[in-house]
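For reference, the structure discussed in these notes is given below.
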4 protein chains.
Amino acid sequence: MEIGFLGLGIMGVGMARNLIKHGFKVMVWNRTISKCDLLVEEGALLGKSPAEVVKKCSITIAMLADPAVALSVVFDEDGVLKSIGPGKSYVDMSTVDPNTSCTIHKAITEKGGHFLEAPVSGSKKPAEDGTLIILAAGDQSVYAEVLPAFEVMGKRSFYLGEVGNGAKMKLVVNMIMGSMMNAFSEGLALTDKSGLSQQTLLDVLDLGAIANPMFKLKGPSMIKGQFNPAFPLKHQQKDMRLALALGDELSVSMPVAAASNEAFKKGRSMGLGDLDFSAVYKVMMDQSSPS
Amino acid sequence: MEIGFLGLGIMGVGMARNLIKHGFKVMVWNRTISKCDLLVEEGALLGKSPAEVVKKCSITIAMLADPAVALSVVFDEDGVLKSIGPGKSYVDMSTVDPNTSCTIHKAITEKGGHFLEAPVSGSKKPAEDGTLIILAAGDQSVYAEVLPAFEVMGKRSFYLGEVGNGAKMKLVVNMIMGSMMNAFSEGLALTDKSGLSQQTLLDVLDLGAIANPMFKLKGPSMIKGQFNPAFPLKHQQKDMRLALALGDELSVSMPVAAASNEAFKKGRSMGLGDLDFSAVYKVMMDQSSPS
Amino acid sequence: MEIGFLGLGIMGVGMARNLIKHGFKVMVWNRTISKCDLLVEEGALLGKSPAEVVKKCSITIAMLADPAVALSVVFDEDGVLKSIGPGKSYVDMSTVDPNTSCTIHKAITEKGGHFLEAPVSGSKKPAEDGTLIILAAGDQSVYAEVLPAFEVMGKRSFYLGEVGNGAKMKLVVNMIMGSMMNAFSEGLALTDKSGLSQQTLLDVLDLGAIANPMFKLKGPSMIKGQFNPAFPLKHQQKDMRLALALGDELSVSMPVAAASNEAFKKGRSMGLGDLDFSAVYKVMMDQSSPS
Amino acid sequence: MEIGFLGLGIMGVGMARNLIKHGFKVMVWNRTISKCDLLVEEGALLGKSPAEVVKKCSITIAMLADPAVALSVVFDEDGVLKSIGPGKSYVDMSTVDPNTSCTIHKAITEKGGHFLEAPVSGSKKPAEDGTLIILAAGDQSVYAEVLPAFEVMGKRSFYLGEVGNGAKMKLVVNMIMGSMMNAFSEGLALTDKSGLSQQTLLDVLDLGAIANPMFKLKGPSMIKGQFNPAFPLKHQQKDMRLALALGDELSVSMPVAAASNEAFKKGRSMGLGDLDFSAVYKVMMDQSSPS
């Protein structure tokens, strides 16, 4: 199967490489062309534009930074829309809000193309390891078609029904994750101010009912005040905002998510937006002389 | 080693049985004496009062329902205080607030006795399986003395320093757990209202960075609307309140814990206090016709 | 001065009548034409469409239900845009979000017309009494031109600069109002559950530093469980959401507004959206047997 | 009528002076005796201890800084308890929690004395002007007896039933006030970040349905960053905490008060506890470079 791949950022490069490694014939494109070099050396073909990639490949996968880029890759000159049509499938694995996904879906299908949204859960490492979780929704025949590719990029994929459902499921997961990170940060702060050992808290947590990979991975660096951005705080806050907007639409009151969202916003106001989302810990800790 | 054991409730019976099984000579006491029968058949001696148990055993362990009971077992007539003194150790594994623990500690040591607080993380099943996590604080020589007993009741024990630290660590852990349960419940509610499958959410969560035993265990029953009390909502709310009070004392602002606490309080006002704390899910879901 | 007036809802009818009473020549239009009858009897001319009104009048004022209607009156067939142009002014007094206002502004000015947004603070009674507070922003020459009309519709008008500022100021005011209503409702609930007299609370509040017309007006009916919609809960919630969105854009963390917003959302989920926003009180009170 | 008056702090001195001015014979006592000098010059008698004051006067009023002082004035050597008994009335106007009030009540009545709690709403200026609002509860015959004194110290007094009700009503009022101050602060912050004039916001608010003396009085100084303590933030936070504790006891969920409480706690952690409670505004504003 020949597969197009648009977007070789942090995530995309690992995903495309996994396709190549497993014998797929892949044509890659990236806005900054030089980022394609390595993969071309490893066997990828080079596409000059999204339009060219779609023209050459029956299936094109995209992994783009945000909704704005996802839209421009489709709608700009020499974008996906120029070549999409009957017999062509477009699989957008970027994380976008349900509305953006629906906009792209509509444009693709109006030209006779097939569309599948397939945002992922997991960041850089799982992308490299081929252990992403893939939340697909849209055209089920495309899902069947692209499944072999999903199987080398992810450890599990889900088909969730109509377009938008993939985006929504991802928002739910990230909302829970964001509130958990706040709960964890508050706990670390309270531990510290109580004169207890934060490392002991991590050890205790890791043995119990709420032990989870995120606490285990992020805890030690949070204690050290290290917040290298695996998932930037401003992106986490954006997902909280979108999840809350979804809840607003559906009359679901979510006070804990709302409180978490305000903490992330406070983080942004403190200039922490580009750090890892675990930097929300600094919102709880930054203080001068208590009174 | 001969060990006294006061309190054969849900937790205590499993813990005492593990001691017996592993060859400790155990004298048990429980307010409702009949609860001792089974353990006596299994080899335990029967104590007529806390005072008698303390008199006969060099170490006495207590596992009591709440701070009020923990205090009465010590201070009432024929209570622990009557027999405690030099050469005697009292290990309170009940979950109590730091102040209660300090009150008991003071009374015990004033009479020359030795005191260790040792609240546990884990509920009925880990108590039976001997896989509790034990958070000990107080007299370090008692910790060393009782360690063989801890080793058969728990999978790991921590020595945390001065009296109060065990109680505090436990509050931190339960605070994080309570906020996580709220985050999880909000996510389940949003999933449902979005027309997505809650079971799929559980599957997705279980594969990712925030997978944890609590979501895995409680999720399926929450979806079914089953809230058999492993840890009653009103006790979880009490722990949130105490953790917030600790934060208040130390000037630690914890808005997510505060929002979670209010949700648990709402649960109490809806009559859910005696159900499992996962019933906070009903606070998010109970609603009539949206507008 | 001849003035067009579009929209004779709860607010518009009082405002237009005040213009007529004070000697302005007014041409009115309303989607349901019959609502114009009374004002025509009182001396108003009848316009057949927004386009006709704008064609006949140099200034046209609009007072419409929500952003959707505000947009359709401008952009639909025979809408404002059809006749607007050089020498024509359009003053939108509807409550809309900053984006909607900017969209209308852009369309009007591209055709050479002049635009002023002028949302008001105050509801039915102040509209009838001519005591609205008018928050104008946009073309300052229009502001000068329409000032005589503002003076009979309102007790005070403010010129706030560029388009969007009127909408923003109104959101800030309504956000504060919404949180105050929540604070008030929580206080009434706590009073009741404490076995204190809610009427006494109202009396005490009315004598002190936080006495305000809203508590005085709404308090007695809230106690009686009466929530006739002067300002529907769903509109208040929408304004909270928009204010929070503005804060999100500007990195302003507003945890109290966020908590209030979730309470209003809970109100919507309970079917209270069409009642007065003071019905958020029912969110605090509705409960069964506490435990 | 001869009246004893214990406590000549910011509030007490104005209250006692009003009694003297209106012809009451007053015996004063203050821990720092020198604070009595001015009032003695104005006609007051000097008491050497609370016990002496109670011995000489049939009614003794106390206005003390906090629960700890209120307790020590009663229970310490040469305290109120030493002389209280049948025919003697003790009126505690200090702001204390319901529990403290009940403790004092019990001690007084066990010795045959009569007790009335009578916390006030209002700060320094109303104390001087005799325009306090008095929230009395307890022995109704004492209320009748002390009413002439209340009438010169306050503009209105309420009799609220059993001991504790005065304290509770005051907590409700201060809770509403604290949340309003948060709502106001968030609004001021949002106004500023939106590029709007904060003075205009104050003007708009003052004309509308939520106009109140507190916004009018505090707004201008908050804008200037002046927070001279009329009511210290740490005391406001304490009252929020106590109101939330009351709600906890009664199963009343109050998420907005909880969010406000956390903001005040954040204020304390930033070292603002001794400033005016309006300094919670700094919690919303203090930030570095947003991202």
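As shown in the structure tokens, the chain order sets the letters A, B, ...; within each chain, residues go from 1, and ligands are also counted from 1 in the order they appear.
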Exercise. Within 7 Å of Lys88 of chain B, counting only C-alpha atoms, which residues show up once you throw out same-chain ones fewer than 2 positions away? Write them as a list in words, please.
Key: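 My reading of the contact set: Ser58, Ile59, Ile84, Gly85, Pro86, Tyr90, Gly113 and His114 of chain B.
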Distance query Gly195 of chain C at most 12 Å, only C-alpha atoms, self and fewer than 2 positions along chain excluded, as a short mmCIF file (atom, residue, chain, number, x, y, z; two decimals) with C-alpha atoms, in the first residue's frame:
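Saved the output as selection_16.cif:
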data_model
loop_
_atom_site.label_atom_id
_atom_site.label_comp_id
_atom_site.auth_asym_id
_atom_site.auth_seq_id
_atom_site.Cartn_x
_atom_site.Cartn_y
_atom_site.Cartn_z
CA LEU C 188 -29.72 31.84 51.36
CA ALA C 189 -29.26 28.06 51.28
CA LEU C 190 -26.89 28.07 54.23
CA THR C 191 -29.25 30.32 56.17
CA ASP C 192 -32.13 27.95 55.60
CA LYS C 193 -30.21 24.82 56.50
CA SER C 197 -34.74 33.13 58.93
CA GLN C 198 -34.04 33.97 55.30
CA GLN C 199 -36.11 37.14 55.63
CA THR C 200 -33.83 38.25 58.44
CA LEU C 201 -30.82 37.62 56.22
CA LEU D 160 -32.14 35.61 66.31
CA GLY D 161 -33.01 32.93 68.86
CA GLU D 162 -30.64 30.47 70.48
CA GLY D 164 -24.91 30.39 67.98
CA ASN D 165 -27.45 31.95 65.64
CA GLY D 166 -25.84 35.38 65.82
CA LYS D 168 -23.99 31.88 62.13
CA MET D 169 -25.84 34.82 60.60
CA LEU D 246 -20.95 25.17 58.82
CA LEU D 250 -25.24 20.72 57.26
#
For chain B against chain D, with a cut-off of 7 Å and counting only C-alpha atoms, what is the closest atom pair and its distance in Å to one decimal for every residue that makes the cut, ordered by chain and number, as JSON lines?
{"residue": "B:Asp248", "atom": "CA", "partner": "D:Lys265", "partner_atom": "CA", "distance": 6.8}
{"residue": "B:Ser251", "atom": "CA", "partner": "D:Ser269", "partner_atom": "CA", "distance": 5.0}
{"residue": "B:Val252", "atom": "CA", "partner": "D:Ser269", "partner_atom": "CA", "distance": 6.6}
{"residue": "B:Ser253", "atom": "CA", "partner": "D:Lys266", "partner_atom": "CA", "distance": 5.1}
{"residue": "B:Met254", "atom": "CA", "partner": "D:Glu262", "partner_atom": "CA", "distance": 6.3}
{"residue": "B:Pro255", "atom": "CA", "partner": "D:Glu262", "partner_atom": "CA", "distance": 5.7}
{"residue": "B:Ala258", "atom": "CA", "partner": "D:Ala258", "partner_atom": "CA", "distance": 5.9}
{"residue": "B:Ala259", "atom": "CA", "partner": "D:Pro255", "partner_atom": "CA", "distance": 6.1}
{"residue": "B:Glu262", "atom": "CA", "partner": "D:Ser253", "partner_atom": "CA", "distance": 5.1}
{"residue": "B:Lys265", "atom": "CA", "partner": "D:Ser253", "partner_atom": "CA", "distance": 5.3}
{"residue": "B:Lys266", "atom": "CA", "partner": "D:Ser253", "partner_atom": "CA", "distance": 5.1}
{"residue": "B:Arg268", "atom": "CA", "partner": "D:Ser251", "partner_atom": "CA", "distance": 6.1}
{"residue": "B:Ser269", "atom": "CA", "partner": "D:Ser251", "partner_atom": "CA", "distance": 5.0}
Quiz item: Would you give me, as an NGL selection string, the residues in segment 95-281 of chain C that DSSP reads as strand (DSSP E)?
Solution: :C and (114-117 or 120-121 or 132-138 or 154-159)
Residue subset to file, keeping N, CA, C and O atoms, as an mmCIF file, in the first residue's frame:
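Writing the result to again05.cif gives the following:
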data_model
loop_
_atom_site.group_PDB
_atom_site.id
_atom_site.type_symbol
_atom_site.label_atom_id
_atom_site.label_comp_id
_atom_site.auth_asym_id
_atom_site.auth_seq_id
_atom_site.Cartn_x
_atom_site.Cartn_y
_atom_site.Cartn_z
ATOM 1 N N HIS C 114 -22.120 53.696 8.913
ATOM 2 C CA HIS C 114 -21.477 53.977 10.190
ATOM 3 C C HIS C 114 -22.072 53.068 11.260
ATOM 4 O O HIS C 114 -23.278 52.846 11.265
ATOM 5 N N PHE C 115 -21.240 52.604 12.155
ATOM 6 C CA PHE C 115 -21.717 51.622 13.135
ATOM 7 C C PHE C 115 -21.357 51.994 14.564
ATOM 8 O O PHE C 115 -20.252 52.454 14.850
ATOM 9 N N LEU C 116 -22.309 51.789 15.423
ATOM 10 C CA LEU C 116 -22.075 51.948 16.860
ATOM 11 C C LEU C 116 -22.716 50.756 17.568
ATOM 12 O O LEU C 116 -23.881 50.448 17.322
ATOM 13 N N GLU C 117 -21.949 50.074 18.413
ATOM 14 C CA GLU C 117 -22.592 49.066 19.263
ATOM 15 C C GLU C 117 -22.964 49.768 20.558
ATOM 16 O O GLU C 117 -22.243 50.676 21.013
ATOM 17 N N VAL C 120 -26.911 47.479 26.529
ATOM 18 C CA VAL C 120 -27.372 48.179 27.716
ATOM 19 C C VAL C 120 -27.274 47.306 28.953
ATOM 20 O O VAL C 120 -27.285 46.086 28.867
ATOM 21 N N SER C 121 -27.181 47.954 30.075
ATOM 22 C CA SER C 121 -27.301 47.282 31.360
ATOM 23 C C SER C 121 -28.663 47.688 31.914
ATOM 24 O O SER C 121 -29.014 48.873 31.942
ATOM 25 N N LEU C 132 -32.018 53.032 31.438
ATOM 26 C CA LEU C 132 -30.972 52.067 31.080
ATOM 27 C C LEU C 132 -29.586 52.692 31.217
ATOM 28 O O LEU C 132 -29.458 53.927 31.256
ATOM 29 N N ILE C 133 -28.592 51.835 31.296
ATOM 30 C CA ILE C 133 -27.210 52.308 31.223
ATOM 31 C C ILE C 133 -26.686 51.821 29.877
ATOM 32 O O ILE C 133 -26.764 50.630 29.574
ATOM 33 N N ILE C 134 -26.181 52.734 29.089
ATOM 34 C CA ILE C 134 -25.841 52.420 27.696
ATOM 35 C C ILE C 134 -24.327 52.399 27.511
ATOM 36 O O ILE C 134 -23.641 53.362 27.861
ATOM 37 N N LEU C 135 -23.835 51.278 26.989
ATOM 38 C CA LEU C 135 -22.391 51.070 26.843
ATOM 39 C C LEU C 135 -22.016 51.127 25.374
ATOM 40 O O LEU C 135 -21.950 50.101 24.697
ATOM 41 N N ALA C 136 -21.745 52.326 24.883
ATOM 42 C CA ALA C 136 -21.548 52.525 23.446
ATOM 43 C C ALA C 136 -20.082 52.429 23.045
ATOM 44 O O ALA C 136 -19.190 52.826 23.788
ATOM 45 N N ALA C 137 -19.857 51.904 21.845
ATOM 46 C CA ALA C 137 -18.490 51.819 21.324
ATOM 47 C C ALA C 137 -18.556 51.747 19.803
ATOM 48 O O ALA C 137 -19.479 51.169 19.238
ATOM 49 N N GLY C 138 -17.582 52.359 19.173
ATOM 50 C CA GLY C 138 -17.544 52.349 17.707
ATOM 51 C C GLY C 138 -17.361 53.768 17.168
ATOM 52 O O GLY C 138 -16.522 54.522 17.679
ATOM 53 N N GLY C 154 -31.989 56.129 28.313
ATOM 54 C CA GLY C 154 -31.144 55.723 29.421
ATOM 55 C C GLY C 154 -30.908 56.842 30.413
ATOM 56 O O GLY C 154 -31.139 58.016 30.116
ATOM 57 N N LYS C 155 -30.431 56.472 31.573
ATOM 58 C CA LYS C 155 -30.084 57.516 32.541
ATOM 59 C C LYS C 155 -28.632 57.929 32.382
ATOM 60 O O LYS C 155 -28.213 58.963 32.868
ATOM 61 N N ARG C 156 -27.873 57.120 31.687
ATOM 62 C CA ARG C 156 -26.466 57.461 31.488
ATOM 63 C C ARG C 156 -25.937 56.637 30.328
ATOM 64 O O ARG C 156 -26.277 55.467 30.173
ATOM 65 N N SER C 157 -25.118 57.271 29.496
ATOM 66 C CA SER C 157 -24.447 56.503 28.450
ATOM 67 C C SER C 157 -22.945 56.729 28.542
ATOM 68 O O SER C 157 -22.486 57.764 29.010
ATOM 69 N N PHE C 158 -22.208 55.711 28.145
ATOM 70 C CA PHE C 158 -20.744 55.771 28.154
ATOM 71 C C PHE C 158 -20.242 55.527 26.741
ATOM 72 O O PHE C 158 -20.758 54.654 26.043
ATOM 73 N N TYR C 159 -19.228 56.283 26.332
ATOM 74 C CA TYR C 159 -18.560 55.983 25.056
ATOM 75 C C TYR C 159 -17.235 55.294 25.390
ATOM 76 O O TYR C 159 -16.385 55.866 26.081
#
Practice problem: Pick out the closest residue to Met181 of chain C from this set: C:Cys102, C:Val152, C:Met284, C:Ala107. Count only C-alpha atoms. | Solution: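 Under the stated criterion, the closest residue is C:Met284.
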As a compact mmCIF listing (two decimals) with N, CA, C and O atoms, in the first residue's frame, please: every residue in segment 41-162 of chain C that a backbone DSSP assignment puts in alpha helix (DSSP H).
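For reference, result39.txt as written:
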# COMPACT_ATOMS: atom_id res chain seq x y z
N GLU C 41 -50.22 52.91 16.78
CA GLU C 41 -51.31 53.71 17.34
C GLU C 41 -50.78 54.92 18.09
O GLU C 41 -51.40 55.98 18.12
N PRO C 50 -36.27 45.47 7.61
CA PRO C 50 -35.11 46.25 8.06
C PRO C 50 -34.57 47.13 6.94
O PRO C 50 -34.22 48.29 7.16
N ALA C 51 -34.54 46.59 5.72
CA ALA C 51 -34.02 47.37 4.60
C ALA C 51 -34.83 48.64 4.40
O ALA C 51 -34.27 49.73 4.17
N GLU C 52 -36.15 48.53 4.48
CA GLU C 52 -36.96 49.74 4.28
C GLU C 52 -36.72 50.76 5.38
O GLU C 52 -36.62 51.97 5.13
N VAL C 53 -36.62 50.27 6.61
CA VAL C 53 -36.39 51.18 7.74
C VAL C 53 -35.08 51.95 7.53
O VAL C 53 -35.03 53.18 7.66
N VAL C 54 -34.04 51.21 7.19
CA VAL C 54 -32.74 51.86 7.01
C VAL C 54 -32.80 52.85 5.83
O VAL C 54 -32.19 53.93 5.88
N LYS C 55 -33.53 52.47 4.83
CA LYS C 55 -33.65 53.35 3.66
C LYS C 55 -34.30 54.69 4.03
O LYS C 55 -33.87 55.76 3.58
N LYS C 56 -35.29 54.64 4.90
CA LYS C 56 -36.05 55.84 5.25
C LYS C 56 -35.39 56.69 6.33
O LYS C 56 -35.67 57.88 6.43
N PRO C 67 -27.41 37.01 19.43
CA PRO C 67 -26.49 37.19 18.30
C PRO C 67 -27.05 36.64 16.98
O PRO C 67 -26.88 37.28 15.94
N ALA C 68 -27.73 35.51 17.03
CA ALA C 68 -28.24 34.92 15.78
C ALA C 68 -29.23 35.87 15.11
O ALA C 68 -29.16 36.12 13.90
N VAL C 69 -30.16 36.42 15.89
CA VAL C 69 -31.14 37.35 15.33
C VAL C 69 -30.46 38.64 14.89
O VAL C 69 -30.76 39.20 13.83
N ALA C 70 -29.51 39.10 15.70
CA ALA C 70 -28.79 40.33 15.34
C ALA C 70 -28.11 40.18 13.99
O ALA C 70 -28.08 41.11 13.16
N LEU C 71 -27.56 38.98 13.75
CA LEU C 71 -26.89 38.73 12.46
C LEU C 71 -27.91 38.62 11.33
O LEU C 71 -27.71 39.19 10.25
N SER C 72 -28.99 37.93 11.58
CA SER C 72 -29.94 37.71 10.48
C SER C 72 -30.62 39.01 10.06
O SER C 72 -30.88 39.23 8.89
N VAL C 73 -30.89 39.89 11.00
CA VAL C 73 -31.51 41.18 10.67
C VAL C 73 -30.60 42.01 9.77
O VAL C 73 -31.06 42.77 8.92
N VAL C 74 -29.32 41.81 9.95
CA VAL C 74 -28.37 42.55 9.08
C VAL C 74 -28.17 41.84 7.75
O VAL C 74 -28.23 42.46 6.68
N PHE C 75 -27.95 40.51 7.80
CA PHE C 75 -27.46 39.81 6.61
C PHE C 75 -28.55 39.16 5.75
O PHE C 75 -28.31 38.82 4.61
N VAL C 80 -30.59 44.84 6.86
CA VAL C 80 -29.98 46.17 7.01
C VAL C 80 -28.97 46.44 5.90
O VAL C 80 -28.91 47.55 5.34
N LEU C 81 -28.18 45.42 5.58
CA LEU C 81 -27.10 45.61 4.60
C LEU C 81 -27.60 46.10 3.25
O LEU C 81 -26.88 46.79 2.52
N LYS C 82 -28.81 45.73 2.90
CA LYS C 82 -29.35 46.09 1.58
C LYS C 82 -29.39 47.60 1.39
O LYS C 82 -29.17 48.11 0.29
N SER C 83 -29.68 48.34 2.46
CA SER C 83 -29.88 49.79 2.32
C SER C 83 -28.79 50.62 2.97
O SER C 83 -28.75 51.84 2.79
N PRO C 98 -18.50 40.03 21.54
CA PRO C 98 -17.61 40.92 20.78
C PRO C 98 -17.44 40.47 19.32
O PRO C 98 -17.44 41.32 18.42
N ASN C 99 -17.34 39.17 19.08
CA ASN C 99 -17.13 38.72 17.69
C ASN C 99 -18.31 39.04 16.78
O ASN C 99 -18.12 39.49 15.65
N THR C 100 -19.51 38.80 17.26
CA THR C 100 -20.69 39.12 16.46
C THR C 100 -20.72 40.61 16.15
O THR C 100 -20.99 41.02 15.02
N SER C 101 -20.44 41.39 17.16
CA SER C 101 -20.45 42.83 16.97
C SER C 101 -19.44 43.24 15.90
O SER C 101 -19.72 44.09 15.05
N CYS C 102 -18.28 42.62 15.95
CA CYS C 102 -17.24 42.98 14.97
C CYS C 102 -17.63 42.54 13.56
O CYS C 102 -17.33 43.23 12.58
N THR C 103 -18.30 41.41 13.46
CA THR C 103 -18.77 40.94 12.15
C THR C 103 -19.75 41.94 11.53
O THR C 103 -19.65 42.31 10.35
N ILE C 104 -20.69 42.39 12.35
CA ILE C 104 -21.68 43.36 11.86
C ILE C 104 -20.99 44.67 11.51
O ILE C 104 -21.25 45.28 10.47
N HIS C 105 -20.11 45.09 12.39
CA HIS C 105 -19.37 46.33 12.17
C HIS C 105 -18.66 46.32 10.81
O HIS C 105 -18.73 47.28 10.03
N LYS C 106 -17.99 45.21 10.55
CA LYS C 106 -17.23 45.09 9.31
C LYS C 106 -18.14 45.19 8.08
O LYS C 106 -17.86 45.94 7.13
N ALA C 107 -19.25 44.49 8.15
CA ALA C 107 -20.16 44.47 7.01
C ALA C 107 -20.75 45.85 6.75
O ALA C 107 -20.85 46.32 5.59
N ILE C 108 -21.14 46.52 7.84
CA ILE C 108 -21.75 47.86 7.70
C ILE C 108 -20.75 48.84 7.10
O ILE C 108 -21.06 49.59 6.17
N THR C 109 -19.55 48.84 7.65
CA THR C 109 -18.58 49.85 7.22
C THR C 109 -18.06 49.55 5.81
O THR C 109 -17.74 50.47 5.07
N GLU C 110 -18.01 48.29 5.44
CA GLU C 110 -17.58 47.97 4.06
C GLU C 110 -18.54 48.55 3.03
O GLU C 110 -18.16 48.80 1.89
N LYS C 124 -36.28 44.92 31.73
CA LYS C 124 -37.58 45.44 31.30
C LYS C 124 -37.96 46.79 31.94
O LYS C 124 -38.29 47.75 31.24
N LYS C 125 -37.89 46.85 33.23
CA LYS C 125 -38.34 48.05 33.95
C LYS C 125 -37.52 49.29 33.56
O LYS C 125 -38.11 50.30 33.15
N PRO C 126 -36.19 49.23 33.64
CA PRO C 126 -35.41 50.40 33.22
C PRO C 126 -35.63 50.75 31.74
O PRO C 126 -35.55 51.93 31.37
N ALA C 127 -35.93 49.75 30.91
CA ALA C 127 -36.22 50.05 29.50
C ALA C 127 -37.48 50.90 29.42
O ALA C 127 -37.56 51.87 28.66
N GLU C 128 -38.49 50.54 30.20
CA GLU C 128 -39.74 51.30 30.22
C GLU C 128 -39.55 52.69 30.84
O GLU C 128 -40.13 53.67 30.39
N ASP C 129 -38.74 52.73 31.87
CA ASP C 129 -38.57 53.99 32.61
C ASP C 129 -37.54 54.92 31.99
O ASP C 129 -37.36 56.05 32.44
N GLN C 140 -17.50 57.39 16.77
CA GLN C 140 -17.82 58.42 17.77
C GLN C 140 -18.77 59.49 17.22
O GLN C 140 -19.51 60.11 17.99
N SER C 141 -18.76 59.67 15.91
CA SER C 141 -19.70 60.66 15.35
C SER C 141 -21.13 60.14 15.45
O SER C 141 -22.07 60.91 15.65
N VAL C 142 -21.30 58.86 15.31
CA VAL C 142 -22.64 58.30 15.50
C VAL C 142 -23.09 58.47 16.95
O VAL C 142 -24.24 58.78 17.23
N TYR C 143 -22.12 58.26 17.85
CA TYR C 143 -22.44 58.44 19.26
C TYR C 143 -22.99 59.84 19.52
O TYR C 143 -24.02 60.02 20.17
N ALA C 144 -22.31 60.84 18.96
CA ALA C 144 -22.75 62.24 19.12
C ALA C 144 -24.14 62.42 18.52
O ALA C 144 -25.01 63.09 19.10
N GLU C 145 -24.34 61.81 17.38
CA GLU C 145 -25.60 61.96 16.65
C GLU C 145 -26.78 61.34 17.41
O GLU C 145 -27.88 61.91 17.45
N VAL C 146 -26.52 60.17 17.99
CA VAL C 146 -27.62 59.42 18.60
C VAL C 146 -27.81 59.78 20.08
O VAL C 146 -28.76 59.33 20.72
N LEU C 147 -26.92 60.61 20.60
CA LEU C 147 -26.96 60.94 22.03
C LEU C 147 -28.34 61.43 22.51
O LEU C 147 -28.81 60.99 23.57
N PRO C 148 -29.01 62.32 21.76
CA PRO C 148 -30.34 62.75 22.20
C PRO C 148 -31.30 61.57 22.40
O PRO C 148 -32.12 61.58 23.33
N ALA C 149 -31.19 60.57 21.56
CA ALA C 149 -32.03 59.37 21.72
C ALA C 149 -31.61 58.57 22.95
O ALA C 149 -32.44 58.10 23.73
N PHE C 150 -30.30 58.42 23.12
CA PHE C 150 -29.81 57.72 24.32
C PHE C 150 -30.33 58.41 25.58
O PHE C 150 -30.65 57.76 26.57
N GLU C 151 -30.37 59.74 25.52
CA GLU C 151 -30.75 60.47 26.74
C GLU C 151 -32.19 60.21 27.18
O GLU C 151 -32.51 60.34 28.36
N VAL C 152 -33.05 59.84 26.23
CA VAL C 152 -34.41 59.52 26.67
C VAL C 152 -34.59 58.02 26.96
O VAL C 152 -35.53 57.64 27.65
N MET C 153 -33.69 57.20 26.44
CA MET C 153 -33.80 55.76 26.72
C MET C 153 -33.02 55.35 27.98
O MET C 153 -33.35 54.37 28.62
Quiz item: Suppose you want the space between atom CA of Ala62 of chain B and atom CA of Val26 of chain B; what is it in Å?
Solution: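 Separating atom CA of Ala62 of chain B from atom CA of Val26 of chain B is a distance of 12.3 Å.
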